[in-house]
Amino acid sequence: MPTGPLPPDQVLDSALAAFLAAMHAYLPVLLIWGIALLSAAVFCGLGYALLQAITTHDWFGMLMNMAWAFARVLIIYMVYDNFQAIGSIFPTMGKAVGWQVAGLSPASTTPSNLYSMGLTIVGQLFWARHLGSWFNLVADAEFLILIVLTMMAWFAAAARFMFTLIETEWVFIKGAVTVCFAAFPNTFATLENWAVQMLRVGIRLIATLLIIAIAILLARGWTTALVALGKTINTNPVVFAAIQFSEAYLVYWAVWHLPQQAGAIVTSGASTGGITEDQPGREPHSAVTSAYTAGAKALIS
């Protein structure tokens with residue numbers, strides 16, 4: 001058993017920083033590809049609409065169709081032109097609201113800091129048990145199992161927090177290659193869905209930060225109580241270990257479930273064509289969309 005305090009964790013924060021840095025390094029390339037794909041979609045869509053107008057002699061329908069197509073494309077180009085600012089609104093909002101409401105600094109609300117709080121509790125139990133331990137195989141086995149489970153619960157909560165931060169950035173960055181497919185009427189809802197997803201992860205991040213702040217404050221109280229108990233923990237170490245495991249599991253459960261319920265409040269209208277779904281001339285674009293889908297399936301298969 002360790003005789004001193006367990007060292008604070010730095011692995012989770014390092015992994016998070018490396019992962020986010022790698023994703024942001026590829027963002028400029030993804031934006032270039034997104035704009036290129038958008039240009040190709042616009043060329044094919046307008047060309048098909050013109051071909052349909054020539055074959056059916058529906059020139060008015062072609063003009064209306066192209067007008068709405070240009071409106072959609074302008075919206076998408078505006079999004080790409082301000083992608084960094086627009087895409088970071090919800091993640092930044094989530095972090096700012098969560099930190100301010102929780103009353104903690106960004107440096108204190110990190111995955112490694114949360115896990116380190118758990119390591120401090122585990123280290124205190126180990127230290128007290130080491131000072132007053134006696135030879136009791138059953139009690140030692142129960143104590144060690146509960147301590148390992150406590151450490152795993154804190155690690156799982158911290159890992160879930162880290163995954164939430166990664167998901168927030170991932171939803172933003174993946175928009176660079178998904179928003180471009182909103183150029184067609186039947187896929188214009190892609191832009192709406194992307195915005196809704198960012199809002200959901202922003203709300204989940206706010207909820208997660210609030211729970212993390214509560215967990216950190218509670219963990220400080222638990223640590224203070226264990227320090228005050230000292231060697232008297234050995235009067236019934238299994239009970240104290242079971243209490244700490246229950247508290248750690250409660251933190252893990254809250255971090256895992258409650259933010260998901262908060263994000264589920266945000267719903268989408270599930271529109272299939274957005275602002276253009278009732279406009280004339282959308283059939284050619286629907287045909288183009290079907291052709292793209294069939295071609296993609298053929299390539300995949």
# chains A, B, ... in the order shown; residues from 1 in each chain; ligands from 1

call {"tool": "residues_around", "arguments": {"residues": "Pro7 (chain A)", "least_positions_apart": "3", "cutoff": "10 Å", "atoms": "only C-alpha atoms", "output": "PyMOL selection string"}}
result
chain A and resi 4+10+116+119-120+123

call {"tool": "residues_around", "arguments": {"residues": "Ala157 (chain A)", "least_positions_apart": "4", "cutoff": "10 Å", "atoms": "only C-alpha atoms", "output": "number ranges by chain"}}
result
A: 111, 114-115, 118, 152-153, 161-163, 212, 215, 248-256

call {"tool": "decode", "arguments": {"residues": "region 162-199 of chain A", "atoms": "N, CA and C atoms", "output": "tab-separated table (two decimals), in the first residue's frame"}}
result
chain	number	residue	atom	x	y	z
A	162	MET	N	-14.10	14.44	-19.92
A	162	MET	CA	-13.18	14.66	-21.04
A	162	MET	C	-13.86	14.37	-22.37
A	163	PHE	N	-14.65	13.29	-22.44
A	163	PHE	CA	-15.35	12.96	-23.68
A	163	PHE	C	-16.38	14.03	-24.04
A	164	THR	N	-17.00	14.65	-23.03
A	164	THR	CA	-17.95	15.73	-23.31
A	164	THR	C	-17.24	16.93	-23.94
A	165	LEU	N	-16.06	17.27	-23.43
A	165	LEU	CA	-15.29	18.36	-24.01
A	165	LEU	C	-14.86	18.03	-25.44
A	166	ILE	N	-14.47	16.79	-25.68
A	166	ILE	CA	-14.08	16.39	-27.03
A	166	ILE	C	-15.29	16.41	-27.97
A	167	GLU	N	-16.43	15.92	-27.48
A	167	GLU	CA	-17.64	15.91	-28.30
A	167	GLU	C	-18.06	17.32	-28.69
A	168	THR	N	-17.91	18.27	-27.77
A	168	THR	CA	-18.28	19.65	-28.06
A	168	THR	C	-17.47	20.19	-29.23
A	169	GLU	N	-16.18	19.94	-29.24
A	169	GLU	CA	-15.34	20.41	-30.34
A	169	GLU	C	-15.58	19.59	-31.61
A	170	TRP	N	-15.86	18.30	-31.45
A	170	TRP	CA	-16.05	17.44	-32.61
A	170	TRP	C	-17.29	17.81	-33.40
A	171	VAL	N	-18.39	18.09	-32.70
A	171	VAL	CA	-19.62	18.49	-33.38
A	171	VAL	C	-19.39	19.78	-34.17
A	172	PHE	N	-18.62	20.69	-33.60
A	172	PHE	CA	-18.30	21.94	-34.31
A	172	PHE	C	-17.45	21.67	-35.54
A	173	ILE	N	-16.39	20.89	-35.39
A	173	ILE	CA	-15.44	20.69	-36.49
A	173	ILE	C	-16.04	19.86	-37.62
A	174	LYS	N	-16.86	18.87	-37.28
A	174	LYS	CA	-17.41	18.03	-38.35
A	174	LYS	C	-18.36	18.80	-39.26
A	175	GLY	N	-18.84	19.96	-38.79
A	175	GLY	CA	-19.69	20.78	-39.65
A	175	GLY	C	-18.98	21.24	-40.91
A	176	ALA	N	-17.65	21.26	-40.88
A	176	ALA	CA	-16.90	21.69	-42.06
A	176	ALA	C	-17.11	20.78	-43.25
A	177	VAL	N	-17.46	19.52	-43.01
A	177	VAL	CA	-17.65	18.57	-44.12
A	177	VAL	C	-19.09	18.11	-44.24
A	178	THR	N	-19.99	18.60	-43.40
A	178	THR	CA	-21.39	18.20	-43.50
A	178	THR	C	-22.29	19.34	-43.96
A	179	VAL	N	-21.93	20.57	-43.60
A	179	VAL	CA	-22.77	21.71	-43.98
A	179	VAL	C	-22.82	21.89	-45.49
A	180	CYS	N	-21.77	21.50	-46.19
A	180	CYS	CA	-21.74	21.69	-47.64
A	180	CYS	C	-22.83	20.90	-48.35
A	181	PHE	N	-23.33	19.84	-47.74
A	181	PHE	CA	-24.37	19.02	-48.37
A	181	PHE	C	-25.76	19.60	-48.16
A	182	ALA	N	-25.85	20.78	-47.56
A	182	ALA	CA	-27.15	21.43	-47.36
A	182	ALA	C	-27.57	22.27	-48.56
A	183	ALA	N	-26.88	22.14	-49.67
A	183	ALA	CA	-27.19	22.96	-50.85
A	183	ALA	C	-28.48	22.54	-51.54
A	184	PHE	N	-28.97	21.33	-51.29
A	184	PHE	CA	-30.18	20.85	-51.93
A	184	PHE	C	-31.38	21.03	-51.01
A	185	PRO	N	-32.58	21.17	-51.56
A	185	PRO	CA	-33.75	21.40	-50.71
A	185	PRO	C	-34.02	20.26	-49.73
A	186	ASN	N	-33.83	19.03	-50.18
A	186	ASN	CA	-34.10	17.90	-49.30
A	186	ASN	C	-33.03	17.70	-48.25
A	187	THR	N	-31.90	18.35	-48.39
A	187	THR	CA	-30.81	18.21	-47.42
A	187	THR	C	-30.49	19.53	-46.73
A	188	PHE	N	-31.28	20.56	-46.97
A	188	PHE	CA	-31.00	21.85	-46.34
A	188	PHE	C	-31.12	21.76	-44.81
A	189	ALA	N	-31.93	20.80	-44.33
A	189	ALA	CA	-32.07	20.61	-42.88
A	189	ALA	C	-30.76	20.17	-42.24
A	190	THR	N	-29.76	19.77	-43.05
A	190	THR	CA	-28.44	19.44	-42.50
A	190	THR	C	-27.86	20.61	-41.71
A	191	LEU	N	-28.04	21.82	-42.26
A	191	LEU	CA	-27.54	23.01	-41.58
A	191	LEU	C	-28.25	23.21	-40.25
A	192	GLU	N	-29.57	23.02	-40.27
A	192	GLU	CA	-30.34	23.15	-39.03
A	192	GLU	C	-29.94	22.08	-38.01
A	193	ASN	N	-29.76	20.86	-38.47
A	193	ASN	CA	-29.40	19.77	-37.57
A	193	ASN	C	-28.03	20.02	-36.93
A	194	TRP	N	-27.11	20.57	-37.71
A	194	TRP	CA	-25.78	20.88	-37.17
A	194	TRP	C	-25.89	21.92	-36.07
A	195	ALA	N	-26.69	22.97	-36.31
A	195	ALA	CA	-26.87	24.00	-35.29
A	195	ALA	C	-27.54	23.44	-34.03
A	196	VAL	N	-28.52	22.55	-34.23
A	196	VAL	CA	-29.21	21.94	-33.08
A	196	VAL	C	-28.25	21.05	-32.29
A	197	GLN	N	-27.41	20.30	-32.99
A	197	GLN	CA	-26.43	19.46	-32.30
A	197	GLN	C	-25.45	20.29	-31.49
A	198	MET	N	-25.01	21.43	-32.04
A	198	MET	CA	-24.10	22.28	-31.27
A	198	MET	C	-24.79	22.85	-30.05
A	199	LEU	N	-26.07	23.21	-30.19
A	199	LEU	CA	-26.81	23.72	-29.03
A	199	LEU	C	-26.95	22.63	-27.96
